[in-house]
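Chemist: Please find structure-v3.pdb (PDB, C-alpha atoms, pLDDT in the B column) on the next line:
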ATOM      1  CA  MET P   1      -3.933 -25.129   0.444  1.00 71.00           C
ATOM      2  CA  ASN P   2      -6.054 -22.628   2.375  1.00 92.00           C
ATOM      3  CA  ILE P   3      -6.600 -19.286   0.640  1.00 97.00           C
ATOM      4  CA  GLU P   4      -8.770 -16.651   2.338  1.00 96.00           C
ATOM      5  CA  ARG P   5     -10.185 -13.812   0.252  1.00 97.00           C
ATOM      6  CA  VAL P   6     -11.702 -10.755   1.932  1.00 97.00           C
ATOM      7  CA  GLU P   7     -14.072  -8.239   0.322  1.00 96.00           C
ATOM      8  CA  THR P   8     -14.029  -9.979  -3.034  1.00 96.00           C
ATOM      9  CA  ASN P   9     -15.815  -8.733  -6.143  1.00 96.00           C
ATOM     10  CA  ASN P  10     -15.634  -9.722  -9.809  1.00 95.00           C
ATOM     11  CA  ARG P  11     -12.326  -7.899 -10.299  1.00 94.00           C
ATOM     12  CA  MET P  12     -10.330  -8.361  -7.096  1.00 96.00           C
ATOM     13  CA  SER P  13     -10.147  -9.037  -3.387  1.00 97.00           C
ATOM     14  CA  ARG P  14      -9.069  -6.263  -1.004  1.00 97.00           C
ATOM     15  CA  ILE P  15      -7.108  -8.801   1.047  1.00 98.00           C
ATOM     16  CA  VAL P  16      -5.855 -12.289   0.207  1.00 98.00           C
ATOM     17  CA  LYS P  17      -4.233 -14.466   2.880  1.00 98.00           C
ATOM     18  CA  HIS P  18      -2.253 -17.622   2.178  1.00 97.00           C
ATOM     19  CA  ASN P  19       0.191 -19.561   4.370  1.00 96.00           C
ATOM     20  CA  GLY P  20       0.722 -16.653   6.760  1.00 96.00           C
ATOM     21  CA  THR P  21       1.234 -14.097   3.993  1.00 98.00           C
ATOM     22  CA  VAL P  22      -1.091 -11.132   3.451  1.00 98.00           C
ATOM     23  CA  TYR P  23      -1.537  -9.559   0.009  1.00 98.00           C
ATOM     24  CA  LEU P  24      -3.314  -6.210  -0.250  1.00 98.00           C
ATOM     25  CA  CYS P  25      -4.860  -4.883  -3.427  1.00 97.00           C
ATOM     26  CA  GLY P  26      -3.448  -1.599  -4.695  1.00 97.00           C
ATOM     27  CA  GLN P  27      -4.299   1.360  -2.459  1.00 98.00           C
ATOM     28  CA  VAL P  28      -4.661   4.989  -3.484  1.00 98.00           C
ATOM     29  CA  GLY P  29      -5.464   8.153  -1.547  1.00 97.00           C
ATOM     30  CA  LYS P  30      -9.045   8.860  -0.480  1.00 96.00           C
ATOM     31  CA  ASP P  31      -9.260  12.214  -2.261  1.00 97.00           C
ATOM     32  CA  ALA P  32      -7.588  12.426  -5.671  1.00 95.00           C
ATOM     33  CA  THR P  33      -8.040  16.221  -5.715  1.00 96.00           C
ATOM     34  CA  GLN P  34      -5.392  16.576  -3.000  1.00 98.00           C
ATOM     35  CA  GLY P  35      -1.638  16.881  -3.492  1.00 98.00           C
ATOM     36  CA  ILE P  36       0.984  14.143  -3.287  1.00 98.00           C
ATOM     37  CA  THR P  37       1.591  14.524   0.463  1.00 98.00           C
ATOM     38  CA  GLU P  38      -2.096  14.164   1.349  1.00 98.00           C
ATOM     39  CA  GLN P  39      -2.690  11.372  -1.175  1.00 98.00           C
ATOM     40  CA  THR P  40       0.293   9.441   0.159  1.00 98.00           C
ATOM     41  CA  GLN P  41      -0.765   9.848   3.798  1.00 98.00           C
ATOM     42  CA  SER P  42      -4.375   8.802   3.208  1.00 98.00           C
ATOM     43  CA  MET P  43      -3.176   5.868   1.053  1.00 98.00           C
ATOM     44  CA  LEU P  44      -0.953   4.683   3.918  1.00 98.00           C
ATOM     45  CA  ASP P  45      -3.813   5.180   6.402  1.00 98.00           C
ATOM     46  CA  LYS P  46      -5.849   2.779   4.260  1.00 98.00           C
ATOM     47  CA  VAL P  47      -2.946   0.307   4.282  1.00 98.00           C
ATOM     48  CA  ASP P  48      -2.850   0.497   8.098  1.00 98.00           C
ATOM     49  CA  ALA P  49      -6.561  -0.305   8.306  1.00 98.00           C
ATOM     50  CA  LEU P  50      -6.302  -3.248   5.894  1.00 98.00           C
ATOM     51  CA  LEU P  51      -3.238  -4.662   7.652  1.00 98.00           C
ATOM     52  CA  LEU P  52      -5.068  -4.478  10.983  1.00 98.00           C
ATOM     53  CA  GLN P  53      -8.090  -6.212   9.447  1.00 97.00           C
ATOM     54  CA  ALA P  54      -5.774  -8.923   8.057  1.00 97.00           C
ATOM     55  CA  GLY P  55      -3.972  -9.519  11.356  1.00 97.00           C
ATOM     56  CA  SER P  56      -0.767  -7.704  10.424  1.00 98.00           C
ATOM     57  CA  ASP P  57       0.859  -4.294  10.798  1.00 98.00           C
ATOM     58  CA  ARG P  58       3.625  -2.043   9.436  1.00 98.00           C
ATOM     59  CA  GLU P  59       6.352  -4.016  11.199  1.00 98.00           C
ATOM     60  CA  HIS P  60       5.345  -7.116   9.237  1.00 98.00           C
ATOM     61  CA  ILE P  61       5.421  -5.633   5.721  1.00 98.00           C
ATOM     62  CA  LEU P  62       7.653  -7.744   3.526  1.00 98.00           C
ATOM     63  CA  SER P  63       7.417  -5.896   0.237  1.00 98.00           C
ATOM     64  CA  ALA P  64       5.965  -2.688  -1.200  1.00 98.00           C
ATOM     65  CA  THR P  65       5.637  -1.604  -4.800  1.00 98.00           C
ATOM     66  CA  ILE P  66       4.902   2.096  -5.178  1.00 98.00           C
ATOM     67  CA  TYR P  67       3.593   3.590  -8.397  1.00 98.00           C
ATOM     68  CA  VAL P  68       4.067   7.354  -8.789  1.00 98.00           C
ATOM     69  CA  LYS P  69       2.408   9.294 -11.593  1.00 98.00           C
ATOM     70  CA  ASP P  70       5.555  11.349 -12.164  1.00 98.00           C
ATOM     71  CA  MET P  71       8.963  11.193 -10.493  1.00 98.00           C
ATOM     72  CA  GLN P  72       8.617  14.901  -9.671  1.00 98.00           C
ATOM     73  CA  TYR P  73       6.560  13.594  -6.712  1.00 98.00           C
ATOM     74  CA  PHE P  74       9.211  11.097  -5.565  1.00 98.00           C
ATOM     75  CA  ALA P  75      10.805  13.214  -2.801  1.00 98.00           C
ATOM     76  CA  ALA P  76       7.478  14.378  -1.330  1.00 98.00           C
ATOM     77  CA  MET P  77       6.079  10.832  -1.377  1.00 98.00           C
ATOM     78  CA  ASN P  78       9.263   9.524   0.273  1.00 98.00           C
ATOM     79  CA  ALA P  79       9.005  12.114   3.063  1.00 98.00           C
ATOM     80  CA  VAL P  80       5.605  10.698   4.046  1.00 98.00           C
ATOM     81  CA  TRP P  81       6.706   7.087   3.513  1.00 98.00           C
ATOM     82  CA  ASP P  82       9.872   7.491   5.591  1.00 98.00           C
ATOM     83  CA  ALA P  83       7.897   8.935   8.528  1.00 98.00           C
ATOM     84  CA  TRP P  84       5.359   6.077   8.253  1.00 98.00           C
ATOM     85  CA  VAL P  85       7.736   3.085   8.152  1.00 98.00           C
ATOM     86  CA  PRO P  86       8.850   2.069  11.655  1.00 98.00           C
ATOM     87  CA  GLU P  87      12.593   2.412  12.172  1.00 97.00           C
ATOM     88  CA  GLY P  88      14.323  -0.899  11.533  1.00 98.00           C
ATOM     89  CA  TYR P  89      11.342  -2.395   9.666  1.00 98.00           C
ATOM     90  CA  ALA P  90      11.788  -1.068   6.121  1.00 98.00           C
ATOM     91  CA  PRO P  91      10.405  -3.618   3.630  1.00 98.00           C
ATOM     92  CA  ALA P  92      11.859  -4.589   0.285  1.00 98.00           C
ATOM     93  CA  ARG P  93      10.583  -1.841  -2.010  1.00 98.00           C
ATOM     94  CA  ALA P  94      10.335  -0.793  -5.617  1.00 98.00           C
ATOM     95  CA  CYS P  95       9.107   2.559  -6.884  1.00 98.00           C
ATOM     96  CA  VAL P  96       8.277   3.236 -10.507  1.00 98.00           C
ATOM     97  CA  ALA P  97       6.706   5.986 -12.579  1.00 98.00           C
ATOM     98  CA  ALA P  98       3.411   4.718 -13.972  1.00 97.00           C
ATOM     99  CA  LYS P  99       0.326   5.832 -15.836  1.00 97.00           C
ATOM    100  CA  MET P 100      -2.426   5.834 -13.236  1.00 97.00           C
ATOM    101  CA  ALA P 101      -5.947   4.429 -13.608  1.00 95.00           C
ATOM    102  CA  ARG P 102      -7.406   7.925 -13.142  1.00 95.00           C
ATOM    103  CA  ASP P 103      -5.580  11.078 -14.175  1.00 96.00           C
ATOM    104  CA  ALA P 104      -5.938  12.779 -10.755  1.00 97.00           C
ATOM    105  CA  LEU P 105      -4.265   9.905  -8.890  1.00 98.00           C
ATOM    106  CA  LEU P 106      -0.638  10.644  -8.048  1.00 98.00           C
ATOM    107  CA  VAL P 107       0.428   7.522  -6.126  1.00 98.00           C
ATOM    108  CA  GLU P 108      -0.599   3.897  -5.514  1.00 98.00           C
ATOM    109  CA  VAL P 109       0.953   1.143  -3.399  1.00 98.00           C
ATOM    110  CA  SER P 110       0.763  -2.632  -3.418  1.00 98.00           C
ATOM    111  CA  ILE P 111       1.726  -4.376  -0.161  1.00 98.00           C
ATOM    112  CA  VAL P 112       2.718  -7.920   0.832  1.00 98.00           C
ATOM    113  CA  ALA P 113       3.024  -8.606   4.563  1.00 98.00           C
ATOM    114  CA  ALA P 114       3.359 -11.451   7.027  1.00 98.00           C
ATOM    115  CA  GLU P 115       0.583 -12.174   9.481  1.00 97.00           C
ATOM    116  CA  LYS P 116       1.461 -11.474  13.113  1.00 95.00           C
ATOM    117  CA  VAL P 117       1.908 -14.722  14.972  1.00 83.00           C
TER     118      VAL P 117
END
Show me the file's structure as structure tokens.
Modeler:
Amino acid sequence: MNIERVETNNRMSRIVKHNGTVYLCGQVGKDATQGITEQTQSMLDKVDALLLQAGSDREHILSATIYVKDMQYFAAMNAVWDAWVPEGYAPARACVAAKMARDALLVEVSIVAAEKV
């Protein structure tokens, strides 16, 4: 059983790969002082970079779990998400309201993807 861990510290790995599946740690926006649209876009930019590093991309996302601080942000987050997901490649997805690790954070995503073959 070959498990590859990338950028590992005491708490987590940014990427874990196992049997052709890529697991990303939770991603948040780069600047928590920005609004939901900007936080969502920069969060997804970070996902793009990690997927590329892991040998995957948006078309290979299997599952996404999105955590939103308050459902008042749901529509604005979805507008960014919908523009980001390639047509015909929508992953299985869940979205829940959640207490965030830092009060200024409005959205976080956890991604599971397949490696490109």
Chemist: Measuring atom to atom with only C-alpha atoms, identify which of P:Ile3, P:Ala76, P:Leu51, P:Ala94 is nearest to P:Glu115.
Modeler: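 Using only C-alpha atoms, the shortest distance to P:Glu115 belongs to P:Leu51.
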Chemist: Axis-aligned box over every listed atom of stretch 98-112 of chain P, padded by 8 Å per side: centre and edges in Å to one decimal, as AutoDock Vina command-line options?
Modeler:
--center_x -2.0 --center_y 2.4 --center_z -7.5 --size_x 26.8 --size_y 36.7 --size_z 32.7
Chemist: May I ask which of the residues P:Ala92, P:Leu24, P:Met71, P:Ala98 is the closest one to P:Glu7, counting all atoms listed in the file?
Modeler: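 The answer is P:Leu24, which sits nearest to P:Glu7.
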Chemist: Atom CA of P:Val68 and atom CA of P:Leu106, how far apart in Å?
Modeler: 5.8 Å
Chemist: Quote the spacing between atom CA of P:Arg102 and atom CA of P:Ala90 in Å to one decimal place.
Modeler: 28.6 Å
Chemist: Going by the chain IDs and residue numbers used in this file, which residues fall under the PyMOL selection byres ((chain P and resi 29) around 7)? Write them as an NGL selection string.
Modeler: :P and (27-28 or 30-32 or 39-40 or 42-43)
Chemist: Please save C-alpha atoms of the selected residues as a PDB file, in the frame of the given file.
Modeler:
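Full text of result-v8.pdb as output:
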ATOM      1  CA  GLN P  27      -4.299   1.360  -2.459  1.00 98.00           C
ATOM      2  CA  VAL P  28      -4.661   4.989  -3.484  1.00 98.00           C
ATOM      3  CA  LYS P  30      -9.045   8.860  -0.480  1.00 96.00           C
ATOM      4  CA  ASP P  31      -9.260  12.214  -2.261  1.00 97.00           C
ATOM      5  CA  ALA P  32      -7.588  12.426  -5.671  1.00 95.00           C
ATOM      6  CA  GLN P  39      -2.690  11.372  -1.175  1.00 98.00           C
ATOM      7  CA  THR P  40       0.293   9.441   0.159  1.00 98.00           C
ATOM      8  CA  SER P  42      -4.375   8.802   3.208  1.00 98.00           C
ATOM      9  CA  MET P  43      -3.176   5.868   1.053  1.00 98.00           C
TER      10      MET P  43
END
Chemist: Have a look at P:Glu38, P:Glu4, P:Asp70, P:Asp57 and name the one nearest to P:Asp103; count all atoms listed in the file.
Modeler: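 So, comparing all the options, the nearest one is P:Asp70.
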Chemist: Skipping near chain neighbours, those fewer than 6 positions away, what residues fall within 8 Å of P:Arg5 using all atoms listed in the file, listed as a PyMOL selection string?
Modeler: chain P and resi 13-17
Chemist: When distances are computed from all atoms listed in the file, which of P:Ala97, P:Gly20, P:Val47, P:Glu87 shows the smallest separation from P:Gln72?
Modeler: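 Once distances to P:Gln72 are computed over all atoms listed in the file, the minimum belongs to P:Ala97.
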Chemist: Taking into account all atoms listed in the file, which residue in the set P:Met77, P:Tyr67, P:Ala83, P:Ala54 is nearest to P:Lys99?
Modeler: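 Comparing P:Met77, P:Tyr67, P:Ala83, P:Ala54 against P:Lys99, the winner is P:Tyr67.
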Chemist: State, in Å with one decimal place, the distance from atom CA of P:Leu50 to atom CA of P:Arg11.
Modeler: 17.9 Å
Chemist: Which residues, written as an MDAnalysis selection string, have at least one atom at most 8 Å from P:Leu62, with only C-alpha atoms counted and residues fewer than 6 positions away on the same chain left out?
Modeler: chainID P and resid 91:92 111:114
Chemist: Would you save the residues of that selection, restricted to C-alpha atoms, as a compact mmCIF listing (two decimals), in the frame of the given file?
Modeler:
# COMPACT_ATOMS: atom_id res chain seq x y z
CA PRO P 91 10.40 -3.62 3.63
CA ALA P 92 11.86 -4.59 0.28
CA ILE P 111 1.73 -4.38 -0.16
CA VAL P 112 2.72 -7.92 0.83
CA ALA P 113 3.02 -8.61 4.56
CA ALA P 114 3.36 -11.45 7.03
Chemist: Let me make sure I understand: among P:His18, P:Thr65, P:Lys116, P:Asn2, which one has the smallest atom-to-atom distance to P:Leu52 if we use all atoms listed in the file?
Modeler: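 Comparing P:His18, P:Thr65, P:Lys116, P:Asn2 against P:Leu52, the winner is P:Lys116.
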Chemist: List, as an mmCIF file with C-alpha atoms, keeping the file's coordinate frame, every residue that the PyMOL selection byres ((chain P and resi 85) around 12) selects in the file provided.
Modeler:
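Written file, out_12.cif:
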data_model
loop_
_atom_site.group_PDB
_atom_site.id
_atom_site.type_symbol
_atom_site.label_atom_id
_atom_site.label_comp_id
_atom_site.auth_asym_id
_atom_site.auth_seq_id
_atom_site.Cartn_x
_atom_site.Cartn_y
_atom_site.Cartn_z
ATOM 1 C CA GLN P 41 -0.765 9.848 3.798
ATOM 2 C CA LEU P 44 -0.953 4.683 3.918
ATOM 3 C CA ASP P 45 -3.813 5.180 6.402
ATOM 4 C CA VAL P 47 -2.946 0.307 4.282
ATOM 5 C CA ASP P 48 -2.850 0.497 8.098
ATOM 6 C CA ASP P 57 0.859 -4.294 10.798
ATOM 7 C CA ARG P 58 3.625 -2.043 9.436
ATOM 8 C CA GLU P 59 6.352 -4.016 11.199
ATOM 9 C CA HIS P 60 5.345 -7.116 9.237
ATOM 10 C CA ILE P 61 5.421 -5.633 5.721
ATOM 11 C CA LEU P 62 7.653 -7.744 3.526
ATOM 12 C CA SER P 63 7.417 -5.896 0.237
ATOM 13 C CA ALA P 64 5.965 -2.688 -1.200
ATOM 14 C CA ASN P 78 9.263 9.524 0.273
ATOM 15 C CA ALA P 79 9.005 12.114 3.063
ATOM 16 C CA VAL P 80 5.605 10.698 4.046
ATOM 17 C CA TRP P 81 6.706 7.087 3.513
ATOM 18 C CA ASP P 82 9.872 7.491 5.591
ATOM 19 C CA ALA P 83 7.897 8.935 8.528
ATOM 20 C CA TRP P 84 5.359 6.077 8.253
ATOM 21 C CA PRO P 86 8.850 2.069 11.655
ATOM 22 C CA GLU P 87 12.593 2.412 12.172
ATOM 23 C CA GLY P 88 14.323 -0.899 11.533
ATOM 24 C CA TYR P 89 11.342 -2.395 9.666
ATOM 25 C CA ALA P 90 11.788 -1.068 6.121
ATOM 26 C CA PRO P 91 10.405 -3.618 3.630
ATOM 27 C CA ALA P 92 11.859 -4.589 0.285
ATOM 28 C CA ARG P 93 10.583 -1.841 -2.010
#
Chemist: Since the input lacks some atoms of stretch 88-108 of chain P, please model N, CA and C atoms and print them as an mmCIF file, in the frame of the given file.
Modeler:
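The resulting file, result.cif, is reproduced below:
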data_model
loop_
_atom_site.group_PDB
_atom_site.id
_atom_site.type_symbol
_atom_site.label_atom_id
_atom_site.label_comp_id
_atom_site.auth_asym_id
_atom_site.auth_seq_id
_atom_site.Cartn_x
_atom_site.Cartn_y
_atom_site.Cartn_z
ATOM 1 N N GLY P 88 13.843 0.468 11.464
ATOM 2 C CA GLY P 88 14.323 -0.899 11.533
ATOM 3 C C GLY P 88 13.418 -1.916 10.860
ATOM 4 N N TYR P 89 12.307 -1.479 10.283
ATOM 5 C CA TYR P 89 11.342 -2.395 9.666
ATOM 6 C C TYR P 89 11.063 -2.063 8.196
ATOM 7 N N ALA P 90 11.998 -1.415 7.530
ATOM 8 C CA ALA P 90 11.788 -1.068 6.121
ATOM 9 C C ALA P 90 11.651 -2.345 5.286
ATOM 10 N N PRO P 91 10.598 -2.430 4.469
ATOM 11 C CA PRO P 91 10.405 -3.618 3.630
ATOM 12 C C PRO P 91 11.264 -3.537 2.373
ATOM 13 N N ALA P 92 11.341 -4.642 1.647
ATOM 14 C CA ALA P 92 11.859 -4.589 0.285
ATOM 15 C C ALA P 92 10.906 -3.673 -0.481
ATOM 16 N N ARG P 93 11.452 -2.830 -1.373
ATOM 17 C CA ARG P 93 10.583 -1.841 -2.010
ATOM 18 C C ARG P 93 11.048 -1.533 -3.420
ATOM 19 N N ALA P 94 10.079 -1.312 -4.277
ATOM 20 C CA ALA P 94 10.335 -0.793 -5.617
ATOM 21 C C ALA P 94 9.437 0.409 -5.812
ATOM 22 N N CYS P 95 9.911 1.379 -6.578
ATOM 23 C CA CYS P 95 9.107 2.559 -6.884
ATOM 24 C C CYS P 95 9.310 2.885 -8.353
ATOM 25 N N VAL P 96 8.205 2.982 -9.080
ATOM 26 C CA VAL P 96 8.277 3.236 -10.507
ATOM 27 C C VAL P 96 7.310 4.340 -10.913
ATOM 28 N N ALA P 97 7.644 5.039 -11.976
ATOM 29 C CA ALA P 97 6.706 5.986 -12.579
ATOM 30 C C ALA P 97 5.718 5.167 -13.408
ATOM 31 N N ALA P 98 4.435 5.513 -13.286
ATOM 32 C CA ALA P 98 3.411 4.718 -13.972
ATOM 33 C C ALA P 98 2.228 5.583 -14.358
ATOM 34 N N LYS P 99 1.589 5.206 -15.456
ATOM 35 C CA LYS P 99 0.326 5.832 -15.836
ATOM 36 C C LYS P 99 -0.731 5.312 -14.874
ATOM 37 N N MET P 100 -1.458 6.219 -14.257
ATOM 38 C CA MET P 100 -2.426 5.834 -13.236
ATOM 39 C C MET P 100 -3.795 5.541 -13.856
ATOM 40 N N ALA P 101 -4.617 4.812 -13.122
ATOM 41 C CA ALA P 101 -5.947 4.429 -13.608
ATOM 42 C C ALA P 101 -6.852 5.637 -13.830
ATOM 43 N N ARG P 102 -6.689 6.662 -12.974
ATOM 44 C CA ARG P 102 -7.406 7.925 -13.142
ATOM 45 C C ARG P 102 -6.370 9.036 -13.150
ATOM 46 N N ASP P 103 -6.574 10.027 -13.974
ATOM 47 C CA ASP P 103 -5.580 11.078 -14.175
ATOM 48 C C ASP P 103 -5.230 11.829 -12.894
ATOM 49 N N ALA P 104 -6.182 12.005 -11.974
ATOM 50 C CA ALA P 104 -5.938 12.779 -10.755
ATOM 51 C C ALA P 104 -5.127 12.011 -9.709
ATOM 52 N N LEU P 105 -5.039 10.696 -9.852
ATOM 53 C CA LEU P 105 -4.265 9.905 -8.890
ATOM 54 C C LEU P 105 -2.780 10.148 -9.089
ATOM 55 N N LEU P 106 -2.070 10.361 -7.985
ATOM 56 C CA LEU P 106 -0.638 10.644 -8.048
ATOM 57 C C LEU P 106 0.219 9.495 -7.549
ATOM 58 N N VAL P 107 -0.357 8.594 -6.733
ATOM 59 C CA VAL P 107 0.428 7.522 -6.126
ATOM 60 C C VAL P 107 -0.474 6.337 -5.791
ATOM 61 N N GLU P 108 0.095 5.137 -5.889
ATOM 62 C CA GLU P 108 -0.599 3.897 -5.514
ATOM 63 C C GLU P 108 0.447 2.957 -4.929
#
